[in-house]
>>> print(open('my_file.txt').read())   # compact mmCIF, C-alpha atoms
# COMPACT_ATOMS: atom_id res chain seq x y z
CA MET A 690 11.51 8.49 17.74
CA SER A 691 10.90 11.63 15.69
CA GLU A 692 14.40 11.77 14.22
CA LEU A 693 14.25 8.17 12.99
CA LYS A 694 13.15 8.08 9.35
CA ILE A 695 12.24 4.39 9.36
CA LEU A 696 9.15 3.19 11.20
CA GLN A 697 9.87 0.73 14.03
CA LYS A 698 6.99 -1.62 14.72
CA THR A 699 7.88 -2.53 18.29
CA ASP A 700 7.57 -0.30 21.33
CA THR A 701 11.30 -0.16 22.03
CA LEU A 702 14.38 -0.16 19.85
CA HIS A 703 16.90 -2.94 20.35
CA GLU A 704 20.48 -1.69 20.47
CA ALA A 705 22.68 -3.44 17.94
CA ARG A 706 26.04 -5.15 18.34
CA TRP A 707 29.13 -4.83 16.12
CA TRP A 708 29.35 -1.05 15.84
CA GLU A 709 31.39 1.89 17.08
CA ALA A 710 30.69 5.60 17.43
CA GLU A 711 32.33 8.10 15.09
CA ALA A 712 32.66 11.85 14.97
CA GLY A 713 29.65 13.96 14.18
CA GLY A 714 27.12 11.44 15.47
CA ARG A 715 27.90 8.86 12.80
CA VAL A 716 28.30 5.15 13.61
CA HIS A 717 30.42 2.50 11.93
CA CYS A 718 28.66 -0.87 11.53
CA TYR A 719 31.21 -3.67 11.11
CA LEU A 720 28.81 -6.62 11.06
CA CYS A 721 29.40 -7.25 7.34
CA PRO A 722 32.13 -6.33 4.85
CA ARG A 723 30.22 -3.25 3.70
CA HIS A 724 31.38 -1.40 6.82
CA CYS A 725 28.57 1.14 6.57
CA HIS A 726 29.23 4.58 8.09
CA ILE A 727 25.75 5.75 9.03
CA HIS A 728 24.57 9.28 9.81
CA SER A 729 21.96 9.87 12.52
CA GLY A 730 18.45 9.14 11.28
CA GLN A 731 19.70 6.92 8.46
CA SER A 732 20.04 3.18 7.90
CA GLY A 733 22.84 1.09 6.50
CA PHE A 734 22.63 -0.64 3.12
CA CYS A 735 20.59 -3.44 4.72
CA PHE A 736 17.75 -1.03 5.70
CA ILE A 737 17.26 -2.50 9.20
CA ARG A 738 20.34 -1.30 11.10
CA VAL A 739 19.72 2.34 11.92
CA ASN A 740 21.48 5.20 13.68
CA GLN A 741 19.39 7.12 16.16
CA GLY A 742 21.11 9.72 18.26
CA GLY A 743 24.58 8.29 17.68
CA LYS A 744 23.66 4.69 18.58
CA LEU A 745 23.04 1.77 16.24
CA TYR A 746 19.77 -0.14 16.58
CA SER A 747 18.41 -3.28 14.93
CA LEU A 748 14.89 -2.95 13.54
CA GLY A 749 14.88 -6.67 12.76
CA TYR A 750 15.06 -7.76 16.39
CA GLY A 751 11.87 -9.59 17.34
CA ALA A 752 10.18 -8.50 14.10
CA PRO A 753 10.01 -11.34 11.55
CA ALA A 754 8.36 -10.56 8.22
CA ALA A 755 8.07 -14.20 7.17
CA LEU A 756 7.29 -17.34 9.19
CA GLN A 757 6.79 -20.73 7.60
CA VAL A 758 7.20 -24.48 8.16
CA ASP A 759 9.41 -26.06 5.48
CA PRO A 760 11.03 -29.39 4.73
CA ILE A 761 14.73 -29.17 5.65
CA GLU A 762 15.54 -30.16 2.05
CA LYS A 763 14.20 -26.77 0.91
CA LYS A 764 17.06 -24.85 2.56
CA PRO A 765 18.64 -26.89 0.83
CA LEU A 766 20.27 -29.29 3.31
CA ASN A 767 20.52 -32.91 2.19
CA HIS A 768 22.85 -34.22 4.89
CA PHE A 769 21.13 -32.69 7.91
CA LEU A 770 18.15 -34.44 9.53
CA PRO A 771 16.63 -35.55 6.19
CA GLY A 772 12.87 -35.75 6.05
CA THR A 773 12.31 -33.42 9.02
CA ARG A 774 10.48 -30.10 9.28
CA VAL A 775 12.18 -26.78 9.97
CA PHE A 776 10.61 -23.61 11.36
CA SER A 777 11.76 -20.93 8.90
CA MET A 778 11.84 -17.20 9.51
CA GLY A 779 13.15 -14.01 7.96
CA THR A 780 12.94 -10.23 8.35
CA ALA A 781 13.09 -7.27 6.00
CA GLY A 782 16.33 -6.13 4.37
CA CYS A 783 19.57 -7.62 3.04
CA ASN A 784 23.25 -6.73 2.82
CA MET A 785 23.55 -7.80 -0.82
CA GLY A 786 21.88 -6.24 -3.84
CA CYS A 787 21.23 -9.32 -5.99
CA PHE A 788 19.32 -8.46 -9.16
CA PHE A 789 17.83 -11.99 -9.21
CA CYS A 790 16.60 -12.16 -5.62
CA GLN A 791 13.70 -14.59 -5.30
CA ASN A 792 12.59 -13.15 -1.95
CA TRP A 793 12.85 -9.54 -3.06
CA ASP A 794 9.45 -8.65 -1.57
CA ILE A 795 11.01 -8.71 1.91
CA SER A 796 14.76 -8.53 1.27
CA LYS A 797 14.46 -5.33 -0.77
CA SER A 798 11.97 -3.75 1.64
CA ARG A 799 12.39 -1.46 4.60
CA GLN A 800 10.97 -2.54 7.93
CA ASP A 801 7.88 -0.33 7.54
CA GLN A 802 7.16 -1.79 4.09
CA VAL A 803 6.52 -5.36 5.26
CA ARG A 804 3.85 -6.87 7.47
CA SER A 805 6.07 -7.86 10.34
CA GLN A 806 4.94 -8.85 13.81
CA HIS A 807 6.57 -9.07 17.19
CA VAL A 808 7.78 -12.55 18.17
CA ALA A 809 10.00 -12.71 21.25
CA PRO A 810 13.13 -14.87 20.82
CA GLU A 811 12.11 -17.20 23.66
CA ASP A 812 8.81 -17.91 21.87
CA VAL A 813 10.36 -18.98 18.56
CA PRO A 814 11.42 -22.49 19.72
CA LEU A 815 8.00 -23.01 21.26
CA LEU A 816 6.36 -22.16 17.94
CA ALA A 817 8.75 -24.59 16.25
CA LEU A 818 7.79 -27.36 18.65
CA GLN A 819 4.11 -26.57 18.27
CA HIS A 820 4.43 -27.16 14.52
CA GLY A 821 6.42 -30.39 14.81
CA CYS A 822 9.79 -28.97 13.78
CA ASP A 823 13.18 -30.34 14.79
CA SER A 824 15.11 -27.20 13.86
CA ILE A 825 14.82 -23.47 13.28
CA ALA A 826 16.12 -21.82 10.09
CA PHE A 827 17.13 -18.20 9.72
CA THR A 828 16.44 -17.68 6.05
CA TYR A 829 14.52 -15.87 3.26
CA ASN A 830 16.52 -12.66 3.67
CA GLU A 831 20.09 -12.45 4.99
CA PRO A 832 20.05 -13.50 8.67
CA THR A 833 23.46 -11.98 9.37
CA ILE A 834 21.87 -8.52 9.46
CA TRP A 835 19.61 -9.57 12.35
CA GLY A 836 22.36 -11.48 14.12
CA GLU A 837 21.37 -10.20 17.58
CA TYR A 838 17.93 -11.83 17.22
CA VAL A 839 19.51 -15.01 15.78
CA ILE A 840 21.80 -15.41 18.80
CA ASP A 841 19.00 -15.00 21.33
CA ILE A 842 16.76 -17.46 19.48
CA CYS A 843 19.61 -19.99 19.36
CA LYS A 844 20.15 -19.73 23.10
CA ALA A 845 16.45 -20.37 23.72
CA ALA A 846 16.33 -23.22 21.19
CA LYS A 847 19.11 -25.17 22.86
CA GLU A 848 17.01 -25.51 26.01
CA TYR A 849 14.55 -27.63 24.01
CA GLY A 850 17.03 -29.68 21.99
CA LEU A 851 16.22 -27.85 18.76
CA LYS A 852 18.87 -27.41 16.07
CA THR A 853 19.52 -24.07 14.37
CA VAL A 854 20.27 -23.35 10.71
CA MET A 855 21.70 -20.33 8.88
CA VAL A 856 20.78 -19.95 5.20
CA SER A 857 23.19 -17.21 4.28
CA ASN A 858 25.04 -15.39 1.55
CA GLY A 859 28.18 -15.67 3.69
CA TYR A 860 28.78 -11.91 3.78
CA ILE A 861 29.98 -11.38 7.34
CA THR A 862 33.07 -10.00 9.06
CA TYR A 863 35.37 -12.08 11.22
CA GLU A 864 34.54 -9.80 14.16
CA ALA A 865 30.94 -11.06 14.06
CA PHE A 866 31.46 -14.54 12.62
CA HIS A 867 32.05 -16.53 15.81
CA ASP A 868 29.57 -14.47 17.79
CA ILE A 869 26.85 -15.87 15.52
CA TYR A 870 28.10 -19.17 14.13
CA ASP A 871 29.23 -20.57 17.48
CA HIS A 872 25.49 -20.94 18.18
CA ILE A 873 24.64 -22.55 14.83
CA ASP A 874 24.34 -26.28 14.03
CA ALA A 875 24.08 -26.19 10.24
CA ALA A 876 24.33 -23.73 7.38
CA ASN A 877 23.81 -23.45 3.68
CA ILE A 878 25.98 -20.79 2.08
CA ASP A 879 25.11 -19.31 -1.32
CA LEU A 880 28.24 -19.25 -3.44
CA LYS A 881 26.51 -17.21 -6.09
CA ALA A 882 29.25 -17.40 -8.69
CA PHE A 883 32.99 -17.81 -8.91
CA THR A 884 33.96 -14.52 -10.54
CA GLU A 885 34.45 -11.09 -8.99
CA GLY A 886 32.71 -9.60 -12.04
CA PHE A 887 29.46 -11.39 -11.22
CA TYR A 888 29.59 -10.44 -7.56
CA GLY A 889 30.40 -6.81 -8.32
CA LYS A 890 27.82 -6.26 -11.07
CA ILE A 891 24.98 -8.61 -10.09
CA THR A 892 25.13 -8.68 -6.26
CA LEU A 893 26.88 -5.34 -5.56
CA THR A 894 29.38 -7.09 -3.28
CA HIS A 895 32.63 -9.06 -3.54
CA LEU A 896 33.54 -12.73 -3.86
CA GLU A 897 36.53 -13.00 -1.53
CA PRO A 898 34.68 -12.40 1.77
CA VAL A 899 32.30 -15.26 0.95
CA LEU A 900 35.21 -17.62 0.28
CA GLU A 901 36.73 -16.56 3.60
CA THR A 902 33.51 -17.37 5.42
CA LEU A 903 33.46 -20.84 3.90
CA GLU A 904 37.02 -21.44 5.07
CA TRP A 905 36.21 -20.20 8.59
CA LEU A 906 33.28 -22.61 8.72
CA LYS A 907 35.51 -25.50 7.70
CA LYS A 908 38.56 -24.71 9.81
CA GLU A 909 37.18 -22.97 12.89
CA THR A 910 33.73 -24.41 13.63
CA LYS A 911 31.82 -27.66 13.99
CA VAL A 912 28.93 -26.32 11.90
CA TRP A 913 27.65 -28.78 9.30
CA PHE A 914 27.46 -26.77 6.07
CA GLU A 915 26.52 -27.21 2.44
CA ILE A 916 26.93 -24.90 -0.56
CA THR A 917 24.43 -23.72 -3.17
CA ASN A 918 25.25 -22.29 -6.57
CA LEU A 919 22.23 -20.85 -8.40
CA MET A 920 23.06 -21.19 -12.11
CA ILE A 921 21.90 -18.26 -14.25
CA PRO A 922 22.14 -18.67 -18.05
CA THR A 923 25.03 -16.68 -19.59
CA LEU A 924 26.03 -15.12 -16.24
CA ASN A 925 27.61 -17.89 -14.16
CA ASP A 926 26.95 -21.16 -16.00
CA ASP A 927 30.14 -21.42 -18.03
CA PRO A 928 31.65 -24.91 -17.61
CA ALA A 929 35.10 -23.43 -17.03
CA GLU A 930 33.75 -21.37 -14.11
CA THR A 931 31.97 -24.44 -12.70
CA ARG A 932 35.20 -26.39 -12.87
CA LYS A 933 37.10 -23.65 -11.03
CA LEU A 934 34.39 -23.44 -8.36
CA ALA A 935 34.42 -27.21 -7.80
CA ALA A 936 38.22 -27.29 -7.70
CA TRP A 937 38.27 -24.53 -5.08
CA VAL A 938 35.74 -26.39 -2.93
CA LEU A 939 37.76 -29.60 -3.20
CA THR A 940 41.07 -27.90 -2.34
CA HIS A 941 39.90 -25.59 0.45
CA LEU A 942 36.94 -27.43 1.96
CA GLY A 943 37.33 -31.07 1.00
CA ALA A 944 35.45 -33.66 -1.03
CA ASP A 945 32.66 -34.23 1.51
CA VAL A 946 31.04 -30.77 1.52
CA PRO A 947 27.75 -31.18 -0.40
CA LEU A 948 27.44 -28.89 -3.41
CA HIS A 949 24.00 -27.98 -4.81
CA PHE A 950 23.52 -26.62 -8.33
CA THR A 951 20.05 -25.11 -8.56
CA ALA A 952 17.91 -23.75 -11.37
CA PHE A 953 17.20 -20.04 -11.79
CA HIS A 954 13.83 -18.59 -12.76
CA PRO A 955 13.36 -14.98 -13.89
CA ASP A 956 12.63 -12.68 -10.96
CA PHE A 957 13.03 -9.14 -9.59
CA LYS A 958 15.40 -7.16 -11.87
CA LEU A 959 16.62 -10.14 -13.85
CA GLN A 960 13.63 -10.87 -16.05
CA ASP A 961 15.54 -11.03 -19.31
CA LYS A 962 17.24 -14.36 -18.62
CA PRO A 963 15.53 -17.70 -19.33
CA ARG A 964 15.01 -20.46 -16.82
CA THR A 965 18.02 -22.68 -16.34
CA PRO A 966 17.82 -25.75 -18.62
CA ALA A 967 18.05 -29.09 -16.81
CA GLU A 968 20.99 -29.96 -19.04
CA THR A 969 23.01 -27.11 -17.49
CA LEU A 970 22.60 -28.62 -14.01
CA HIS A 971 23.38 -32.12 -15.31
CA ARG A 972 26.59 -30.79 -16.86
CA ALA A 973 27.60 -28.87 -13.73
CA ARG A 974 26.99 -31.93 -11.54
CA ALA A 975 29.06 -34.10 -13.86
CA ILE A 976 31.94 -31.59 -13.76
CA ALA A 977 31.91 -31.40 -9.96
CA LEU A 978 31.80 -35.20 -9.58
CA GLU A 979 34.64 -35.53 -12.08
CA THR A 980 36.61 -32.94 -10.08
CA GLY A 981 36.29 -35.14 -7.00
CA ILE A 982 33.37 -33.74 -4.97
CA HIS A 983 31.55 -36.73 -3.44
CA TYR A 984 28.06 -35.28 -2.97
CA VAL A 985 26.69 -33.10 -5.76
CA TYR A 986 23.01 -32.26 -6.10
CA GLU A 987 20.59 -30.66 -8.52
CA GLY A 988 17.79 -28.44 -7.22
CA ASN A 989 14.62 -26.70 -8.40
CA ILE A 990 14.06 -29.47 -10.98
CA PHE A 991 12.79 -33.04 -10.81
CA SER A 992 15.90 -35.16 -11.22
CA ASP A 993 17.69 -38.14 -9.75
CA GLY A 994 20.43 -35.59 -9.12
CA ALA A 995 18.58 -34.94 -5.86
CA ASP A 996 19.43 -38.42 -4.57
CA THR A 997 22.29 -39.30 -2.24
CA SER A 998 24.51 -42.21 -3.28
CA CYS A 999 27.48 -43.82 -1.59
CA PRO A 1000 30.75 -42.54 -3.08
CA GLY A 1001 32.37 -45.84 -2.13
CA CYS A 1002 30.15 -48.45 -3.75
CA GLY A 1003 27.54 -46.38 -5.61
CA GLU A 1004 24.61 -47.69 -3.53
CA LEU A 1005 21.50 -45.46 -3.55
CA LEU A 1006 21.13 -44.18 0.02
CA ILE A 1007 18.45 -41.48 0.02
CA ARG A 1008 15.90 -41.11 -2.77
CA ARG A 1009 14.20 -37.74 -3.13
CA SER A 1010 11.58 -36.06 -5.27
CA TRP A 1011 11.92 -32.27 -5.21
CA HIS A 1012 11.96 -31.60 -1.43
CA ASP A 1013 10.41 -34.91 -0.39
CA VAL A 1014 12.39 -37.85 0.98
CA LEU A 1015 10.91 -40.99 -0.58
CA GLU A 1016 13.35 -43.49 0.90
CA ASN A 1017 16.22 -43.34 3.42
CA ARG A 1018 18.38 -46.47 3.54
CA LEU A 1019 21.15 -45.13 5.76
CA VAL A 1020 21.94 -47.29 8.80
CA ARG A 1021 23.24 -45.16 11.67
CA GLY A 1022 24.68 -42.71 9.16
CA ALA A 1023 26.44 -45.36 7.08
CA CYS A 1024 25.95 -47.15 3.77
CA PRO A 1025 24.05 -50.44 4.34
CA LYS A 1026 26.08 -52.17 1.64
CA CYS A 1027 29.73 -51.22 2.27
CA ALA A 1028 29.40 -49.58 5.73
CA LEU A 1029 31.08 -46.35 4.59
CA VAL A 1030 30.22 -43.55 7.02
CA ILE A 1031 28.44 -40.73 5.17
CA PRO A 1032 29.28 -37.25 6.52
CA GLY A 1033 26.32 -35.35 7.89
CA VAL A 1034 23.95 -35.04 10.83
CA TRP A 1035 21.51 -37.93 10.59
CA GLU A 1036 20.12 -38.39 14.09
CA LYS A 1037 18.02 -36.08 16.24
CA SER A 1038 19.37 -35.17 19.65
CA GLY A 1039 17.97 -33.62 22.81
CA ASP A 1040 14.53 -33.80 24.34
CA ALA A 1041 12.07 -31.39 22.80
CA ALA A 1042 9.16 -32.81 24.82
CA ALA A 1043 10.13 -30.62 27.79
CA GLY A 1044 8.45 -27.64 26.14
CA ALA A 1045 5.06 -29.26 25.61
CA GLY A 1046 3.31 -27.20 28.30
CA ASP A 1047 4.84 -23.95 27.14
CA THR A 1048 3.79 -24.58 23.53
CA ARG A 1049 0.14 -24.54 24.59
CA ARG A 1050 0.62 -21.12 26.16
CA THR A 1051 2.50 -19.83 23.14
CA ALA A 1052 -0.12 -21.22 20.76
CA GLY A 1053 -2.67 -18.91 22.39
CA ASN A 1054 -0.44 -15.87 21.87
CA TYR A 1055 0.23 -16.60 18.20
CA GLY A 1056 -2.97 -18.29 17.09
CA HIS A 1057 -3.35 -15.72 14.30
CA LEU A 1058 -0.25 -16.97 12.47
CA ASN A 1059 -1.03 -18.84 9.25
CA LEU A 1060 1.72 -21.46 9.06
>>> encode(input="my_file.txt", output="structure tokens")
Amino acid sequence: MSELKILQKTDTLHEARWWEAEAGGRVHCYLCPRHCHIHSGQSGFCFIRVNQGGKLYSLGYGAPAALQVDPIEKKPLNHFLPGTRVFSMGTAGCNMGCFFCQNWDISKSRQDQVRSQHVAPEDVPLLALQHGCDSIAFTYNEPTIWGEYVIDICKAAKEYGLKTVMVSNGYITYEAFHDIYDHIDAANIDLKAFTEGFYGKITLTHLEPVLETLEWLKKETKVWFEITNLMIPTLNDDPAETRKLAAWVLTHLGADVPLHFTAFHPDFKLQDKPRTPAETLHRARAIALETGIHYVYEGNIFSDGADTSCPGCGELLIRRSWHDVLENRLVRGACPKCALVIPGVWEKSGDAAAGAGDTRRTAGNYGHLNL
């Protein structure tokens, strides 16, 4: 352990996937499009994938830095088990460098800079059941960088009929994409802007890999996914950019992929921009609906733009206030007025009751958690 410059909080290091050895003791991590080439004793850009002795290890495995019970609408997912609770978790680190990150306290931290704790993957679904959750979300920081832990949690979750959710920036290579997303039931992908300039200057990454991920989700998986665009005044809120983004979604992904426009608040390194005016979200939503997207939402404000309406007859189907579902009028996933089937995942499946005994045991092991 002496040559590792980053403190690992568990007794053993978990060897990573998606890497290859290079000359001179370096390793090449090909989990995300950064393709970090990492010297021994150093970490990749994400902070939690480290080279020790010519092998790549994941410091995020079994070491969440954030655990919380959320409404599923907070992810945000509006067409996936509305009104249910989701067990949310994240680790330290991230593979993007967003100046506006709203979870910067963990995503911009190294593993030894956060108060993480060991939670075995097989215990995560039991904690979810204990807290009345129907799904588990990998969120807060970028879950791709702890993909090994995600996969093992997903395998355990399926035994109890729990769904799994990725809340992601979409920055992943094709080599790792199916390894992770073949275990996932739903995702929300942050499409942070629709210009390479924004991605390069404000996130320190590139736009094209994110668009590729969205197309892989649509064409190569059965994952239910939605898209979020955080609108930052003067940086990515130009109506022409919004129109191009909506047109791309319509052409490449179809009219039924829900699109969320959400309000920015000053945070981290982007304190000089004002909060997003409600009118900006109203305008963006109107543009996307005019373009032909059927389900367009407004987030981080109180607005009827959070409601779901039938694109066929205009009937109000789900009424929301912030992250709360006030009324759900869907009948077996269809409009009660015109019977149009609304795309999404509306019904729970599986039998989570099988884990009731195990949850009591797990509750004793993790009674200190404040969820």
>>> closest_residue(input="my_file.txt", among="A:Leu924, A:Ile727, A:Ala705, A:Cys822", to="Pro760 in chain A", atoms="all atoms listed in the file")
A:Cys822
>>> residues_around(input="my_file.txt", residues="Val854 in chain A", least_positions_apart="6", cutoff="9 Å", atoms="all atoms listed in the file", output="mmCIF file with C-alpha atoms, in the coordinates of the input")
data_model
loop_
_atom_site.group_PDB
_atom_site.id
_atom_site.type_symbol
_atom_site.label_atom_id
_atom_site.label_comp_id
_atom_site.auth_asym_id
_atom_site.auth_seq_id
_atom_site.Cartn_x
_atom_site.Cartn_y
_atom_site.Cartn_z
ATOM 1 C CA LYS A 764 17.060 -24.850 2.560
ATOM 2 C CA VAL A 775 12.180 -26.780 9.970
ATOM 3 C CA SER A 824 15.110 -27.200 13.860
ATOM 4 C CA ILE A 825 14.820 -23.470 13.280
ATOM 5 C CA ALA A 826 16.120 -21.820 10.090
ATOM 6 C CA PHE A 827 17.130 -18.200 9.720
ATOM 7 C CA THR A 828 16.440 -17.680 6.050
ATOM 8 C CA ILE A 873 24.640 -22.550 14.830
ATOM 9 C CA ASP A 874 24.340 -26.280 14.030
ATOM 10 C CA ALA A 875 24.080 -26.190 10.240
ATOM 11 C CA ALA A 876 24.330 -23.730 7.380
ATOM 12 C CA ASN A 877 23.810 -23.450 3.680
#
>>> closest_residue(input="my_file.txt", among="A:Gln741, A:Gln757, A:Ser998, A:Thr931", to="Ile976 in chain A", atoms="all atoms listed in the file")
A:Thr931
>>> closest_atom_pairs(input="my_file.txt", of="range 755-818 of chain A", to="range 832-835 of chain A", cutoff="10 Å", atoms="all atoms listed in the file", output="CSV")
residue,atom,partner,partner_atom,distance
A:Met778,CA,A:Pro832,CA,9.0
A:Gly779,CA,A:Pro832,CA,7.0
A:Thr780,CA,A:Trp835,CA,7.8
A:Ala781,CA,A:Trp835,CA,9.4
A:Gly782,CA,A:Ile834,CA,7.9
A:Cys783,CA,A:Ile834,CA,6.9
A:Asn784,CA,A:Ile834,CA,7.0
>>> closest_residue(input="my_file.txt", among="A:Asn767, A:Asn858, A:Glu904, A:Arg1021", to="Tyr888 in chain A", atoms="all atoms listed in the file")
A:Asn858
>>> closest_residue(input="my_file.txt", among="A:Gly742, A:Gly1001, A:Gly850, A:Pro947", to="Asn918 in chain A", atoms="only C-alpha atoms")
A:Pro947
>>> residues_around(input="my_file.txt", residues="Leu720 in chain A", least_positions_apart="4", cutoff="6 Å", atoms="only C-alpha atoms", output="NGL selection string")
:A and (707 or 862 or 865)
>>> build_atoms(input="my_file.txt", residues="range 845-853 of chain A", atoms="all heavy atoms", output="compact mmCIF listing (two decimals), in the frame of the given file")
# COMPACT_ATOMS: atom_id res chain seq x y z
N ALA A 845 17.72 -19.82 23.26
CA ALA A 845 16.45 -20.37 23.72
C ALA A 845 16.20 -21.76 23.13
O ALA A 845 15.67 -22.65 23.80
CB ALA A 845 15.31 -19.42 23.35
N ALA A 846 16.59 -21.95 21.87
CA ALA A 846 16.33 -23.22 21.19
C ALA A 846 17.08 -24.38 21.82
O ALA A 846 16.59 -25.51 21.87
CB ALA A 846 16.70 -23.09 19.71
N LYS A 847 18.30 -24.10 22.29
CA LYS A 847 19.11 -25.17 22.86
C LYS A 847 18.47 -25.78 24.10
O LYS A 847 18.67 -26.95 24.41
CB LYS A 847 20.51 -24.63 23.20
CG LYS A 847 21.34 -24.25 21.98
CD LYS A 847 21.58 -25.46 21.08
CE LYS A 847 22.46 -25.12 19.88
NZ LYS A 847 21.75 -24.42 18.80
N GLU A 848 17.68 -25.01 24.81
CA GLU A 848 17.01 -25.51 26.01
C GLU A 848 16.00 -26.61 25.68
O GLU A 848 15.63 -27.41 26.54
CB GLU A 848 16.31 -24.37 26.74
CG GLU A 848 17.25 -23.29 27.26
CD GLU A 848 16.51 -22.18 27.99
OE1 GLU A 848 15.31 -22.39 28.32
OE2 GLU A 848 17.11 -21.12 28.22
N TYR A 849 15.56 -26.65 24.42
CA TYR A 849 14.55 -27.63 24.01
C TYR A 849 15.13 -28.68 23.05
O TYR A 849 14.37 -29.46 22.46
CB TYR A 849 13.37 -26.92 23.35
CG TYR A 849 12.68 -25.96 24.28
CD1 TYR A 849 12.92 -24.60 24.21
CD2 TYR A 849 11.80 -26.42 25.27
CE1 TYR A 849 12.30 -23.71 25.07
CE2 TYR A 849 11.17 -25.54 26.14
CZ TYR A 849 11.42 -24.19 26.04
OH TYR A 849 10.80 -23.31 26.90
N GLY A 850 16.43 -28.69 22.87
CA GLY A 850 17.03 -29.68 21.99
C GLY A 850 16.81 -29.42 20.52
O GLY A 850 16.98 -30.32 19.69
N LEU A 851 16.44 -28.19 20.16
CA LEU A 851 16.22 -27.85 18.76
C LEU A 851 17.53 -27.42 18.10
O LEU A 851 18.34 -26.72 18.69
CB LEU A 851 15.20 -26.72 18.64
CG LEU A 851 13.76 -27.07 19.01
CD1 LEU A 851 12.91 -25.82 19.10
CD2 LEU A 851 13.15 -28.03 18.01
N LYS A 852 17.71 -27.82 16.86
CA LYS A 852 18.87 -27.41 16.07
C LYS A 852 18.59 -26.06 15.40
O LYS A 852 17.43 -25.66 15.22
CB LYS A 852 19.18 -28.45 14.99
CG LYS A 852 19.46 -29.85 15.51
CD LYS A 852 20.79 -29.93 16.22
CE LYS A 852 21.15 -31.38 16.54
NZ LYS A 852 22.42 -31.47 17.30
N THR A 853 19.67 -25.38 15.02
CA THR A 853 19.52 -24.07 14.37
C THR A 853 20.31 -24.04 13.07
O THR A 853 21.39 -24.63 12.95
CB THR A 853 20.02 -22.95 15.30
OG1 THR A 853 21.34 -23.24 15.75
CG2 THR A 853 19.10 -22.81 16.49
